[in-house]
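Below is entry.cif, which holds mmCIF, N, CA and C atoms.
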```cif
data_model
#
loop_
_atom_site.label_atom_id
_atom_site.label_comp_id
_atom_site.auth_asym_id
_atom_site.auth_seq_id
_atom_site.Cartn_x
_atom_site.Cartn_y
_atom_site.Cartn_z
N MET H 1 -151.93 151.94 115.62
CA MET H 1 -153.38 151.84 115.62
C MET H 1 -153.99 152.95 114.77
N GLU H 2 -153.45 154.14 114.87
CA GLU H 2 -153.96 155.27 114.09
C GLU H 2 -153.78 155.01 112.60
N LYS H 3 -152.63 154.47 112.23
CA LYS H 3 -152.39 154.17 110.81
C LYS H 3 -153.39 153.12 110.32
N ALA H 4 -153.66 152.12 111.11
CA ALA H 4 -154.63 151.09 110.73
C ALA H 4 -156.01 151.72 110.53
N ARG H 5 -156.40 152.61 111.43
CA ARG H 5 -157.70 153.29 111.28
C ARG H 5 -157.75 154.08 109.98
N ASN H 6 -156.67 154.76 109.67
CA ASN H 6 -156.61 155.55 108.44
C ASN H 6 -156.74 154.67 107.20
N VAL H 7 -156.04 153.53 107.21
CA VAL H 7 -156.11 152.61 106.08
C VAL H 7 -157.53 152.10 105.90
N ILE H 8 -158.17 151.71 106.99
CA ILE H 8 -159.54 151.22 106.93
C ILE H 8 -160.46 152.32 106.41
N GLN H 9 -160.31 153.52 106.92
CA GLN H 9 -161.16 154.62 106.48
C GLN H 9 -160.97 154.89 104.99
N GLU H 10 -159.73 154.87 104.52
CA GLU H 10 -159.45 155.14 103.11
C GLU H 10 -160.04 154.07 102.20
N THR H 11 -160.04 152.82 102.65
CA THR H 11 -160.53 151.74 101.78
C THR H 11 -162.03 151.54 101.88
N GLU H 12 -162.65 152.03 102.92
CA GLU H 12 -164.08 151.82 103.11
C GLU H 12 -164.93 153.07 102.88
N THR H 13 -164.30 154.18 102.56
CA THR H 13 -165.02 155.42 102.34
C THR H 13 -165.21 155.65 100.85
N LEU H 14 -166.41 155.97 100.48
CA LEU H 14 -166.75 156.23 99.08
C LEU H 14 -166.82 157.74 98.89
N HIS H 15 -166.02 158.25 97.98
CA HIS H 15 -166.01 159.68 97.68
C HIS H 15 -166.71 159.90 96.34
N LEU H 16 -167.81 160.65 96.37
CA LEU H 16 -168.58 160.90 95.17
C LEU H 16 -168.76 162.39 94.93
N SER H 17 -168.89 162.74 93.67
CA SER H 17 -169.27 164.11 93.35
C SER H 17 -170.76 164.26 93.70
N VAL H 18 -171.24 165.48 93.72
CA VAL H 18 -172.65 165.71 94.02
C VAL H 18 -173.52 165.02 92.97
N THR H 19 -173.11 165.09 91.71
CA THR H 19 -173.87 164.45 90.64
C THR H 19 -173.90 162.94 90.82
N SER H 20 -172.76 162.36 91.15
CA SER H 20 -172.70 160.90 91.36
C SER H 20 -173.49 160.49 92.59
N ALA H 21 -173.43 161.28 93.64
CA ALA H 21 -174.20 160.98 94.84
C ALA H 21 -175.69 161.03 94.55
N ASP H 22 -176.11 162.04 93.79
CA ASP H 22 -177.52 162.13 93.40
C ASP H 22 -177.96 160.90 92.60
N ALA H 23 -177.10 160.46 91.67
CA ALA H 23 -177.41 159.28 90.86
C ALA H 23 -177.50 158.03 91.73
N LEU H 24 -176.60 157.90 92.70
CA LEU H 24 -176.62 156.75 93.61
C LEU H 24 -177.91 156.75 94.43
N PHE H 25 -178.26 157.87 95.01
CA PHE H 25 -179.47 157.94 95.83
C PHE H 25 -180.73 157.70 94.99
N ALA H 26 -180.75 158.19 93.76
CA ALA H 26 -181.89 157.95 92.88
C ALA H 26 -182.03 156.46 92.57
N ALA H 27 -180.90 155.79 92.34
CA ALA H 27 -180.94 154.34 92.06
C ALA H 27 -181.38 153.57 93.29
N LEU H 28 -180.95 154.00 94.47
CA LEU H 28 -181.37 153.33 95.70
C LEU H 28 -182.85 153.55 95.98
N ASP H 29 -183.34 154.75 95.68
CA ASP H 29 -184.75 155.05 95.91
C ASP H 29 -185.67 154.37 94.89
N ASN H 30 -185.17 154.18 93.66
CA ASN H 30 -185.97 153.61 92.58
C ASN H 30 -185.17 152.53 91.85
N PRO H 31 -184.94 151.40 92.49
CA PRO H 31 -184.12 150.37 91.84
C PRO H 31 -184.82 149.80 90.62
N PRO H 32 -184.05 149.40 89.62
CA PRO H 32 -184.66 148.79 88.44
C PRO H 32 -185.24 147.42 88.79
N LYS H 33 -186.22 146.99 88.01
CA LYS H 33 -186.80 145.67 88.22
C LYS H 33 -185.77 144.62 87.81
N PRO H 34 -185.75 143.47 88.50
CA PRO H 34 -184.78 142.43 88.14
C PRO H 34 -185.06 141.89 86.74
N ASN H 35 -183.98 141.67 85.98
CA ASN H 35 -184.14 141.10 84.66
C ASN H 35 -184.09 139.57 84.75
N SER H 36 -184.25 138.90 83.64
CA SER H 36 -184.32 137.44 83.66
C SER H 36 -183.03 136.80 84.14
N LYS H 37 -181.88 137.39 83.81
CA LYS H 37 -180.60 136.83 84.27
C LYS H 37 -180.48 136.90 85.78
N LEU H 38 -180.90 138.02 86.36
CA LEU H 38 -180.85 138.15 87.81
C LEU H 38 -181.80 137.17 88.49
N LEU H 39 -182.99 137.02 87.94
CA LEU H 39 -183.95 136.08 88.52
C LEU H 39 -183.44 134.65 88.45
N LYS H 40 -182.81 134.27 87.32
CA LYS H 40 -182.24 132.93 87.20
C LYS H 40 -181.09 132.73 88.18
N ALA H 41 -180.26 133.75 88.36
CA ALA H 41 -179.15 133.65 89.30
C ALA H 41 -179.67 133.50 90.73
N ALA H 42 -180.71 134.22 91.07
CA ALA H 42 -181.29 134.12 92.41
C ALA H 42 -181.86 132.72 92.63
N GLN H 43 -182.50 132.17 91.61
CA GLN H 43 -183.06 130.82 91.73
C GLN H 43 -181.94 129.79 91.91
N ARG H 44 -180.86 129.91 91.12
CA ARG H 44 -179.72 129.00 91.27
C ARG H 44 -179.13 129.11 92.66
N TYR H 45 -179.02 130.32 93.17
CA TYR H 45 -178.49 130.53 94.52
C TYR H 45 -179.35 129.81 95.55
N LYS H 46 -180.65 129.99 95.45
CA LYS H 46 -181.57 129.34 96.39
C LYS H 46 -181.48 127.82 96.32
N GLU H 47 -181.26 127.29 95.13
CA GLU H 47 -181.18 125.85 94.95
C GLU H 47 -179.86 125.27 95.46
N THR H 48 -178.81 126.07 95.49
CA THR H 48 -177.49 125.53 95.83
C THR H 48 -176.99 125.94 97.21
N VAL H 49 -177.57 126.96 97.80
CA VAL H 49 -177.11 127.45 99.09
C VAL H 49 -178.27 127.33 100.09
N ASN H 50 -177.94 126.87 101.26
CA ASN H 50 -178.97 126.77 102.30
C ASN H 50 -179.25 128.18 102.82
N VAL H 51 -180.39 128.72 102.47
CA VAL H 51 -180.74 130.10 102.87
C VAL H 51 -181.70 130.13 104.03
N ASP H 52 -181.97 128.97 104.64
CA ASP H 52 -182.85 128.94 105.81
C ASP H 52 -182.19 129.65 106.98
N ASN H 53 -182.98 130.39 107.70
CA ASN H 53 -182.48 131.03 108.93
C ASN H 53 -182.67 130.07 110.08
N HIS H 54 -181.59 129.59 110.65
CA HIS H 54 -181.66 128.63 111.75
C HIS H 54 -181.55 129.34 113.06
#
```

What would the structure in this file look like if it were written as structure tokens?
Amino acid sequence: MEKARNVIQETETLHLSVTSADALFAALDNPPKPNSKLLKAAQRYKETVNVDNH
């Protein structure tokens, strides 16, 4: 069980330098606006996948 926990922790933990962590937090705080490709992909997703909350 301990080994399984260690494997999960190793695969699910993100190790970043301070600079990389700062860049990640800045991107999360100020995400870029979606471009046309992303908007088209979102529209295709909505048209092909049932996104209603039942």

> Can you list, as number ranges by chain, every residue of chain H that DSSP puts in alpha helix (DSSP H)?
Replying inline: H: 2-12, 18-29, 36-48

Using the file's own x, y and z axes, what box holds all listed atoms of range 21-38 of chain H with 6 Å on each side, keeping edges along x, y and z, and what are its centre and edge lengths in Å to one decimal, as AutoDock Vina command-line options?
```
--center_x -180.1 --center_y 149.5 --center_z 89.8 --size_x 25.4 --size_y 37.3 --size_z 24.3
```

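Reported to one decimal place, the separation of CA of Glu47 in chain H from atom C of Pro31 in chain H is 24.6 Å.
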
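With atom C of Leu14 in chain H on one side and atom N of Leu28 in chain H on the other, the separation reads 15.3 Å.
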
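Taking CA of Lys40 in chain H and atom N of Ala27 in chain H as the two end points, the separation is 23.5 Å.
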